[in-house]
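Heads up, the thing below is written out as C-alpha cells.
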Amino acid sequence: MASSDLTHRPIHQQTPTTTTNDDDDMNRKKPKNSAAAARGLKSLSVAVALPLSLTLLDIFLFGSSSRYRTLHKPFYVPPLWALHLACLTTAFLSGLSAWLVWAEGGFHRQPAALGLYLVQLALSLVWYPVVFGAGAIRLGLVLCAALFGALVGCARAFRKMNPIAGDLVKPCLASALLLAVANVRLVYQ
C-alpha cells in the first residue's frame with residue numbers, strides 16, 4: 001500500500017536552554033514592540049482626528065444653510081445631513097489613507113503626495129464657508145472641480161506607495177461628486 005511508504009517527520013526536541021533563551025529574547029522585544037505600537041496608535045489617532053475635528057468645526061460654523069434647506073430638491077440632490085456625513089467620511093478616509101502612506105515612508109519618497117493631500121483637505125474645508133457662508137455658489141463649483149482633481153491625484157500618488165491607501169481615497173471622489181451635485185442645484189434653482 002502507498003500509505004505504508006509514508007514516513008513521519010522527526011520531532012526535534014528543544015533543549016531547556018534554547019527555550020529559555022528564546023523566551024528571554026521575546027521578553028526583551030516586547031517593550032520595544034509595544035512602544036512602537038503605542039507610537040503608531042498615537043500617530044494614527046492624530047492623522048484621523050485632526051481632519052475630522054477640522055471638518056466638524058467647519059460644519060458647526062458654516063454648515064447650516066436655510067437657503068439649502070428650503071430649496072426644492074429633486075431625488076438626486078442630497079439633503080444637508082447627507083452632505084455633512086459625506087464630508088466627515090471624506091475627512092476620516094483621507095486621514096486614514098494619508099497615515100497609511102506616512103507609515104510606509106511614502107511622503108519622504110514622494111513629497112508631492114503630501115502636497116496633494118493637504119490641497120484636498122484645504123479645498124474640502126473651504127467649500128462650506130464659500131458656499132454656505134459667503135454664498136459664492138459659482139466659486140463653489142470651481143472648488144468642487146479642484147477638489148475632485150486633487151482627490152484623483154491623491155488616489156494615484158497614494159496607490160503607488162500603498163494600494164489600500166489609494167483605494168481608500170476612491171469613496172472620497174463620490175463625496176466630491178455629491179458636493180458638486182448639491183452645488184449645481186444651488187446655481188440652477
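Labeling convention for the C-alpha cells: chains A, B, ... as they appear, residues from 1 per chain, ligands from 1 in order of appearance.
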Quiz prompt | Selection near segment 152-154 of chain A, 7 Å with only C-alpha atoms, sequence-local residues under 3 positions removed, as a ChimeraX atom specification | solution = /A:113,116-117,148-149,157-158
What are the closest atom pairs, with distances in Å to one decimal, for all residues of segment 81-146 of chain A lying within 7 Å of segment 169-181 of chain A? Consider only C-alpha atoms, order rows by chain and residue number, and present the result as a Markdown table.
```
| residue | atom | partner | partner_atom | distance |
| --- | --- | --- | --- | --- |
| A:Leu83 | CA | A:Leu179 | CA | 6.8 |
| A:Ala86 | CA | A:Ser175 | CA | 5.4 |
| A:Cys87 | CA | A:Ser175 | CA | 6.8 |
| A:Thr90 | CA | A:Cys172 | CA | 5.0 |
| A:Leu93 | CA | A:Val169 | CA | 6.5 |
| A:Ser94 | CA | A:Val169 | CA | 6.0 |
| A:Ser97 | CA | A:Val169 | CA | 6.9 |
| A:Leu141 | CA | A:Ala180 | CA | 6.3 |
| A:Cys144 | CA | A:Ala180 | CA | 5.6 |
```
Keeping C-alpha atoms for every residue in the selection just given, could you write it to a file as a PDB file, in the first residue's frame?
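Saved the output as result.pdb:
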```pdb
ATOM      1  CA  LEU A  83     -23.570  66.390   2.737  1.00  0.00           C
ATOM      2  CA  ALA A  86     -20.103  62.717   3.179  1.00  0.00           C
ATOM      3  CA  CYS A  87     -17.647  65.405   4.284  1.00  0.00           C
ATOM      4  CA  THR A  90     -14.051  62.015   3.379  1.00  0.00           C
ATOM      5  CA  LEU A  93     -10.884  58.136   4.926  1.00  0.00           C
ATOM      6  CA  SER A  94      -8.385  60.666   3.631  1.00  0.00           C
ATOM      7  CA  SER A  97      -5.091  56.797   3.844  1.00  0.00           C
ATOM      8  CA  LEU A 141     -18.355  74.712  -8.363  1.00  0.00           C
ATOM      9  CA  CYS A 144     -15.619  71.060  -6.327  1.00  0.00           C
TER      10      CYS A 144
END
```
Exercise. Compile the contact shell of Leu61 of chain A as number ranges by chain: residues with an atom at most 10 Å away, counting only C-alpha atoms, same-chain residues fewer than 3 positions apart removed.
Key: A: 55-58, 64, 128-129, 132-133
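When only C-alpha atoms are used to compute distances to Ala103 of chain A, the closest of the residues A:Leu139, A:Leu41, A:Leu88, A:Leu147 turns out to be A:Leu41.
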Exercise. Please provide as a list in words all residues within 12 Å of Val101 of chain A, with the sequence filter that same-chain residues fewer than 6 positions apart are discarded (counting only C-alpha atoms).
Key: Leu44, Ala47, Ser94, Gly95, Phe107, His108, Arg109, Gln110, Pro111, Ala113, Leu114, Tyr117, Cys154, Ala155, Arg156, Ala157, Phe158, Arg159, Lys160, Met161, Asn162, Pro163, Ile164, Ala165, Gly166, Asp167, Leu168 and Val169 of chain A
Output N, CA, C and O atoms for every residue in that selection, as a compact mmCIF listing (two decimals), in the first residue's frame.
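Result file is again32.txt:
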```txt
# COMPACT_ATOMS: atom_id res chain seq x y z
N LEU A 44 -1.75 57.41 14.38
CA LEU A 44 -3.00 57.12 13.67
C LEU A 44 -4.14 57.97 14.20
O LEU A 44 -4.91 58.54 13.43
N ALA A 47 -3.68 61.49 12.94
CA ALA A 47 -3.91 61.58 11.49
C ALA A 47 -5.39 61.53 11.15
O ALA A 47 -5.82 62.13 10.17
N SER A 94 -9.61 60.05 4.13
CA SER A 94 -8.39 60.67 3.63
C SER A 94 -7.32 60.73 4.73
O SER A 94 -6.14 60.55 4.45
N GLY A 95 -7.73 60.95 5.98
CA GLY A 95 -6.76 60.92 7.08
C GLY A 95 -6.17 59.54 7.27
O GLY A 95 -4.96 59.39 7.49
N PHE A 107 5.69 59.72 2.15
CA PHE A 107 5.78 61.17 1.97
C PHE A 107 7.23 61.61 1.79
O PHE A 107 7.48 62.66 1.21
N HIS A 108 8.17 60.81 2.26
CA HIS A 108 9.59 61.12 2.02
C HIS A 108 10.00 60.73 0.61
O HIS A 108 10.81 61.41 -0.01
N ARG A 109 9.44 59.64 0.13
CA ARG A 109 9.76 59.19 -1.24
C ARG A 109 9.08 60.03 -2.30
O ARG A 109 9.63 60.24 -3.37
N GLN A 110 7.86 60.48 -2.00
CA GLN A 110 7.08 61.28 -2.95
C GLN A 110 6.45 62.46 -2.22
O GLN A 110 5.31 62.38 -1.76
N PRO A 111 7.17 63.56 -2.09
CA PRO A 111 6.62 64.71 -1.35
C PRO A 111 5.40 65.32 -2.02
O PRO A 111 4.60 65.98 -1.36
N ALA A 113 2.82 63.81 -2.92
CA ALA A 113 1.64 63.17 -2.35
C ALA A 113 1.16 63.93 -1.11
O ALA A 113 -0.05 64.09 -0.90
N LEU A 114 2.09 64.41 -0.30
CA LEU A 114 1.71 65.20 0.87
C LEU A 114 1.06 66.51 0.44
O LEU A 114 0.05 66.93 1.01
N TYR A 117 -2.46 65.80 -0.68
CA TYR A 117 -3.33 65.54 0.48
C TYR A 117 -3.71 66.84 1.17
O TYR A 117 -4.88 67.06 1.50
N CYS A 154 -4.41 62.38 -5.45
CA CYS A 154 -4.11 61.66 -4.20
C CYS A 154 -4.24 60.16 -4.39
O CYS A 154 -3.39 59.39 -3.93
N ALA A 155 -5.32 59.75 -5.03
CA ALA A 155 -5.54 58.32 -5.22
C ALA A 155 -4.41 57.70 -6.03
O ALA A 155 -3.91 56.62 -5.70
N ARG A 156 -3.97 58.39 -7.05
CA ARG A 156 -2.87 57.85 -7.88
C ARG A 156 -1.54 57.84 -7.13
O ARG A 156 -0.80 56.86 -7.18
N ALA A 157 -1.24 58.93 -6.43
CA ALA A 157 0.02 59.01 -5.70
C ALA A 157 0.04 58.04 -4.53
O ALA A 157 1.06 57.38 -4.28
N PHE A 158 -1.08 57.93 -3.81
CA PHE A 158 -1.13 57.02 -2.67
C PHE A 158 -1.07 55.57 -3.13
O PHE A 158 -0.48 54.73 -2.46
N ARG A 159 -1.67 55.27 -4.26
CA ARG A 159 -1.69 53.90 -4.77
C ARG A 159 -0.28 53.41 -5.09
O ARG A 159 0.01 52.22 -4.96
N LYS A 160 0.60 54.31 -5.52
CA LYS A 160 1.97 53.91 -5.83
C LYS A 160 2.70 53.44 -4.58
O LYS A 160 3.58 52.58 -4.64
N MET A 161 2.35 54.01 -3.43
CA MET A 161 3.05 53.67 -2.20
C MET A 161 2.33 52.62 -1.36
O MET A 161 2.96 51.82 -0.69
N ASN A 162 0.99 52.64 -1.40
CA ASN A 162 0.20 51.68 -0.64
C ASN A 162 -1.13 51.50 -1.36
O ASN A 162 -1.95 52.42 -1.37
N PRO A 163 -1.37 50.36 -1.97
CA PRO A 163 -2.60 50.17 -2.73
C PRO A 163 -3.87 50.35 -1.91
O PRO A 163 -4.88 50.84 -2.41
N ILE A 164 -3.83 49.99 -0.65
CA ILE A 164 -5.01 50.15 0.20
C ILE A 164 -5.30 51.63 0.41
O ILE A 164 -6.46 52.05 0.37
N ALA A 165 -4.26 52.43 0.61
CA ALA A 165 -4.45 53.87 0.78
C ALA A 165 -5.05 54.50 -0.47
O ALA A 165 -5.92 55.37 -0.39
N GLY A 166 -4.61 54.04 -1.62
CA GLY A 166 -5.18 54.55 -2.86
C GLY A 166 -6.64 54.19 -3.02
O GLY A 166 -7.45 54.99 -3.50
N ASP A 167 -7.00 52.98 -2.58
CA ASP A 167 -8.40 52.55 -2.67
C ASP A 167 -9.28 53.28 -1.66
O ASP A 167 -10.47 53.47 -1.90
N LEU A 168 -8.72 53.68 -0.52
CA LEU A 168 -9.50 54.41 0.47
C LEU A 168 -9.89 55.81 0.01
O LEU A 168 -10.85 56.39 0.51
N VAL A 169 -9.17 56.35 -0.94
CA VAL A 169 -9.47 57.69 -1.45
C VAL A 169 -10.63 57.65 -2.45
O VAL A 169 -11.32 58.65 -2.64
```
Quiz item: Which residue, A:Arg138, A:Arg39, A:Arg185, A:His84, has the smallest gap to Ile59 of chain A when you use only C-alpha atoms?
Solution: A:His84
Quiz item: Between atom CA of Gly140 of chain A and atom CA of Pro51 of chain A, what is the distance, to one decimal in Å?
Solution: 20.1 Å
Practice problem: Select from segment 37-155 of chain A everything DSSP, run on the backbone, classes as helix (DSSP H, G or I), then give the selection as a ChimeraX atom specification. | Solution: /A:37-62,66-70,80-103,106-109,111-133,137-155
Practice problem: State, in Å with one decimal place, the distance from atom CA of Phe60 of chain A to atom CA of Val46 of chain A. | Solution: 20.4 Å
